[in-house]
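K.L.:
Pasting a structure here, questions to come.
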Amino acid sequence: MHVVVLPGDGIGPEIVAVTEAVLGAVSQRFQLGIATKHDIAGQESIAKYGKAVRPELVEIVRQADGLLLGPTSTLDYAGEPGPSAVFRKALDLFANIRPARTYPGLPGRVGAMDLVVVRENTEGFYADRNMAHGNADILVTDDVAIAIRKITRQGSERIARAGFELAMRRPRRRVTLVHKANVLTTSDGLFLAACRDVAKDFPEVTVEEIIVDAMMAHVVRNPAHFDVIVTTNMFGDILSDLTAEMSGSLGMGGSINAGTRYAMAQAAHGSAPDIAGRDLANPMSLVLSAAQLLDWHARRAGKPRFGEAAKAIENAVAACLEAGEKTRDVGGTQGTRAVGAALVKRLSA
Ligand code: ATP
């Protein structure tokens with residue numbers, strides 16, 4: 001498996017180094033033959049090439065089996081799309097899969113949970129990527145601004161299918177559709193109609209529909225109820241930060257951005273400049289993202305060993321948390337590097 005590795009900004013290099021070491025450990029243990037290729041994107045790339053992502057890099061990623069992207073700062077790219085947006089659009093990574101779960105060693109802030117937010121990733125309210133040309137966040141006059149939210153039947157159907165397929169691989173087989181169709185009757189009406197059509201192909205899955213504002217109360221009140229949550233781009237972005245934090249910390253928020261041919265592992269959080277370079281970052285978010293990437297590759301390439309390696313990584317994370325081998329954001333005392341070493345030790349045993 002060929003993986004392109006991009007360290008990103010802020011805490012990116014620190015948590016990418018840990019994640020690479022973890023990939024090296026499972027590659028050896030499960031004989032996966034993972035080969036990494038290093039490149040740069042983000043601030044480092046702007047300094048060297050004048051662009052956050054140079055076009056050749058997109059081609060390099062297309063030739064690989066997966067991309068590991070360190071967090072990149074969102075604010076510093078004002079005006080042009082950052083690396084995350086570039087790859088999501090160029091590689092058509094329409095499904096952003098963001099699990100949030102508690103562990104015996106990390107009971108969460110509001111009780112036990114094991115859910116996955118399945119967020120549409122290419123359209124919705126993301127004005128920097130929902131147009132063929134230009135940006136849909138528009139200044140009409142100096143005092144009037146509008147933004148356009150795009151919902152398509154095809155985009156809604158494929159994210160719904162990704163969610164229902166995931167639900168079929170999980171024991172509870174429940175999908176919650178989160179929307180605002182009471183106000184956005186046309187656009188979210190279309191989203192819901194497309195999801196309901198897809199649901200017909202999955203009769204074993206229990207389906208429910210919840211309005212996004214009510215969802216904030218439901219998910220905090222009873223997180224254990226939820227299994228797979230399918231929603232549009234911005235609702236999913238906001239909801240998944242909430243669920244990651246509810247599960248213990250944003251630093252546990254793993255995520256994968258997947259399409260039919262390409263996938264990118266990326267932590268759910270940003271570049272955390274407030275703690276960058278201080279050995280404080282929790283690397284588990286990106287480590288768990290890499291596990292998701294291996295699991296995706298296992299199914300796509302029909303290689304179950306990669307799925308076993310993903311499971312081993314999740315078990316090592318759980319064991320570290322239980323043994324107190326964890327960073328401060330989740331109640332521990334260890335640094336990023338020490339947690340990385342503990343993960344590698346468990347995976348090499
Ligand atoms: P950006 O501008 O890149 O979005 P941000 O600081 O606005 O950065 P996040 O990076 O998502 O947003 O960080 C939000 C908060 O969560 C910060 O206090 C940050 O330190 C904390 N945080 C994020 N990721 C981690 C992590 N991996 N480990 C520990 N704390 C984290």
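Residue numbers start at 1 in each chain; chains themselves are named A, B, ... in the order of the structure tokens; ligands are numbered from 1 in the order shown.
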Within 9 Å of ligand 1 (counting only C-alpha atoms and all ligand atoms), which residues show up? I'd like them as a PyMOL selection string.

P.N.:
chain A and resi 9-12+15+71-76+241+245+249-253+267-276+280-286+327-330+336

K.L.:
DSSP on the backbone: which residues in stretch 168-318 of chain A end up as strand (DSSP E or B)? Give the answer as an NGL selection string.

P.N.:
:A and (174-179 or 206-211 or 228-231 or 256-258 or 263-266)

K.L.:
Let's see if you can do this: from backbone DSSP, list all helix (DSSP H, G or I) residues in stretch 63-158 of chain A, as a ChimeraX atom specification.

P.N.:
/A:63,75-77,83-90,153-158

K.L.:
What's the 9 Å shell around stretch 37-52 of chain A, counting only C-alpha atoms, without same-chain residues fewer than 4 positions away, as JSON, numbers by chain?

P.N.:
{"A": [2, 3, 4, 5, 6, 7, 8, 9, 57, 69, 72, 73, 76, 77, 80, 81, 82, 83, 86]}

K.L.:
Just want the 8 Å neighbourhood of A:Ala194, counted on only C-alpha atoms, with same-chain residues fewer than 6 positions away dropped. Output as a list in words.

P.N.:
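The residues satisfying every condition are Arg153, Ser156, Glu157 and Ala160 of chain A.
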
K.L.:
Nearest to A:His225 among A:Ala258, A:Met131, A:Ala112, A:Leu139, with distances taken over only C-alpha atoms: which residue is it?

P.N.:
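Nearest candidate to A:His225 out of A:Ala258, A:Met131, A:Ala112, A:Leu139: A:Ala112.
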
K.L.:
List as a list of chain:residue names the protein and nucleic acid residues near stretch 289-295 of chain A, meaning an atom at most 8 Å away when only C-alpha atoms are counted, but skip any in the same chain fewer than 3 places from it.

P.N.:
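Listed by chain and then number, they are A:Thr19, A:Leu23, A:Gly66, A:Leu68, A:Gly254, A:Ser255, A:Ile256, A:Ala263, A:Met264, A:Ala265, A:Gln266, A:Ala267, A:Ser285, A:Leu286, A:Ala298, A:Arg299, A:Phe306, A:Gly307, A:Ala309, A:Ala310, A:Lys311, A:Ile313, A:Glu314.
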
K.L.:
How many Å lie between atom CA of A:Ile148 and atom CA of A:Asn182, rounded to one decimal?

P.N.:
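Result for atom CA of A:Ile148 versus atom CA of A:Asn182: 18.3 Å, one decimal.
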
K.L.:
For A:Ala217, list every protein, DNA or RNA residue within 12 Å, evaluated using only C-alpha atoms, and leave out those in the same chain fewer than 6 positions away; present the list as a short mmCIF file (atom, residue, chain, number, x, y, z; two decimals) with all heavy atoms, in the first residue's frame.

P.N.:
data_model
loop_
_atom_site.label_atom_id
_atom_site.label_comp_id
_atom_site.auth_asym_id
_atom_site.auth_seq_id
_atom_site.Cartn_x
_atom_site.Cartn_y
_atom_site.Cartn_z
N VAL A 110 -20.46 12.92 28.69
CA VAL A 110 -21.90 12.80 28.98
C VAL A 110 -22.37 11.35 28.91
O VAL A 110 -23.52 11.08 28.63
CB VAL A 110 -22.73 13.66 27.99
CG1 VAL A 110 -22.57 15.13 28.26
CG2 VAL A 110 -22.38 13.35 26.54
N ILE A 210 -34.28 13.49 12.26
CA ILE A 210 -34.29 14.47 13.35
C ILE A 210 -33.83 15.83 12.80
O ILE A 210 -32.83 15.90 12.06
CB ILE A 210 -33.38 14.03 14.52
CG1 ILE A 210 -33.86 12.67 15.07
CG2 ILE A 210 -33.37 15.07 15.63
CD1 ILE A 210 -33.16 12.21 16.34
N ILE A 211 -34.54 16.88 13.18
CA ILE A 211 -34.18 18.24 12.76
C ILE A 211 -32.90 18.66 13.50
O ILE A 211 -32.71 18.35 14.68
CB ILE A 211 -35.34 19.21 13.06
CG1 ILE A 211 -36.54 18.83 12.17
CG2 ILE A 211 -34.95 20.66 12.83
CD1 ILE A 211 -37.81 19.58 12.49
N PRO A 223 -26.58 10.09 24.07
CA PRO A 223 -25.68 9.77 22.96
C PRO A 223 -25.66 8.28 22.62
O PRO A 223 -25.41 7.92 21.47
CB PRO A 223 -24.30 10.24 23.48
CG PRO A 223 -24.45 10.39 24.95
CD PRO A 223 -25.88 10.69 25.22
N LEU A 239 -21.78 19.17 14.01
CA LEU A 239 -22.20 18.06 14.87
C LEU A 239 -21.02 17.16 15.25
O LEU A 239 -20.91 16.70 16.39
CB LEU A 239 -23.29 17.25 14.14
CG LEU A 239 -23.82 16.02 14.86
CD1 LEU A 239 -24.49 16.39 16.19
CD2 LEU A 239 -24.81 15.27 13.97
N LEU A 242 -18.86 18.50 17.98
CA LEU A 242 -19.57 18.31 19.25
C LEU A 242 -19.42 16.87 19.74
O LEU A 242 -19.06 16.62 20.89
CB LEU A 242 -21.06 18.65 19.08
CG LEU A 242 -21.95 18.37 20.28
CD1 LEU A 242 -21.68 19.35 21.42
CD2 LEU A 242 -23.43 18.44 19.90
N THR A 243 -19.67 15.90 18.85
CA THR A 243 -19.63 14.51 19.29
C THR A 243 -18.20 14.08 19.64
O THR A 243 -18.00 13.31 20.57
CB THR A 243 -20.26 13.57 18.24
OG1 THR A 243 -19.66 13.83 16.96
CG2 THR A 243 -21.76 13.76 18.15
#

K.L.:
Using Å and a single decimal, report how far atom CA of A:Arg54 sits from atom CA of A:Ala132.

P.N.:
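So the answer is 19.1 Å.
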
K.L.:
Measure the distance from atom CA of A:Val317 to atom CA of A:Ile229 in Å and round it to one decimal.

P.N.:
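Straight-line distance from atom CA of A:Val317 to atom CA of A:Ile229 works out to 23.6 Å.
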
K.L.:
Which residues are near A:Thr102? Cut-off 7 Å, only C-alpha atoms, ignore same chain within fewer than 6 positions. Put them as number ranges by chain.

P.N.:
A: 108, 112-114, 247

K.L.:
Store the residues of this selection in a file with all heavy atoms, as a CSV table (one decimal), in the first residue's frame.

P.N.:
chain,number,residue,atom,x,y,z
A,108,GLY,N,-15.9,9.6,28.6
A,108,GLY,CA,-16.6,10.7,27.9
A,108,GLY,C,-17.2,11.7,28.8
A,108,GLY,O,-17.1,11.5,30.0
A,112,ALA,N,-21.6,7.0,27.9
A,112,ALA,CA,-21.1,6.1,26.9
A,112,ALA,C,-21.7,6.4,25.5
A,112,ALA,O,-22.9,6.7,25.4
A,112,ALA,CB,-21.4,4.6,27.3
A,113,MET,N,-20.9,6.2,24.5
A,113,MET,CA,-21.4,6.4,23.1
A,113,MET,C,-20.5,5.7,22.1
A,113,MET,O,-19.3,5.4,22.4
A,113,MET,CB,-21.4,7.9,22.8
A,113,MET,CG,-20.1,8.6,22.9
A,113,MET,SD,-20.2,10.4,22.9
A,113,MET,CE,-20.4,10.7,21.2
A,114,ASP,N,-21.1,5.3,21.0
A,114,ASP,CA,-20.3,4.7,19.9
A,114,ASP,C,-21.1,5.0,18.6
A,114,ASP,O,-22.0,4.3,18.2
A,114,ASP,CB,-20.2,3.2,20.1
A,114,ASP,CG,-19.4,2.6,19.0
A,114,ASP,OD1,-18.9,3.3,18.2
A,114,ASP,OD2,-19.3,1.3,19.1
A,247,SER,N,-17.1,12.8,23.4
A,247,SER,CA,-16.5,11.5,23.6
A,247,SER,C,-15.2,11.6,24.5
A,247,SER,O,-14.7,10.6,24.9
A,247,SER,CB,-16.2,10.8,22.3
A,247,SER,OG,-15.0,11.4,21.7

K.L.:
For A:Val198, which residue among A:Asn135, A:Thr186, A:Gln154, A:Asn233 is the nearest when counting only C-alpha atoms?

P.N.:
A:Gln154
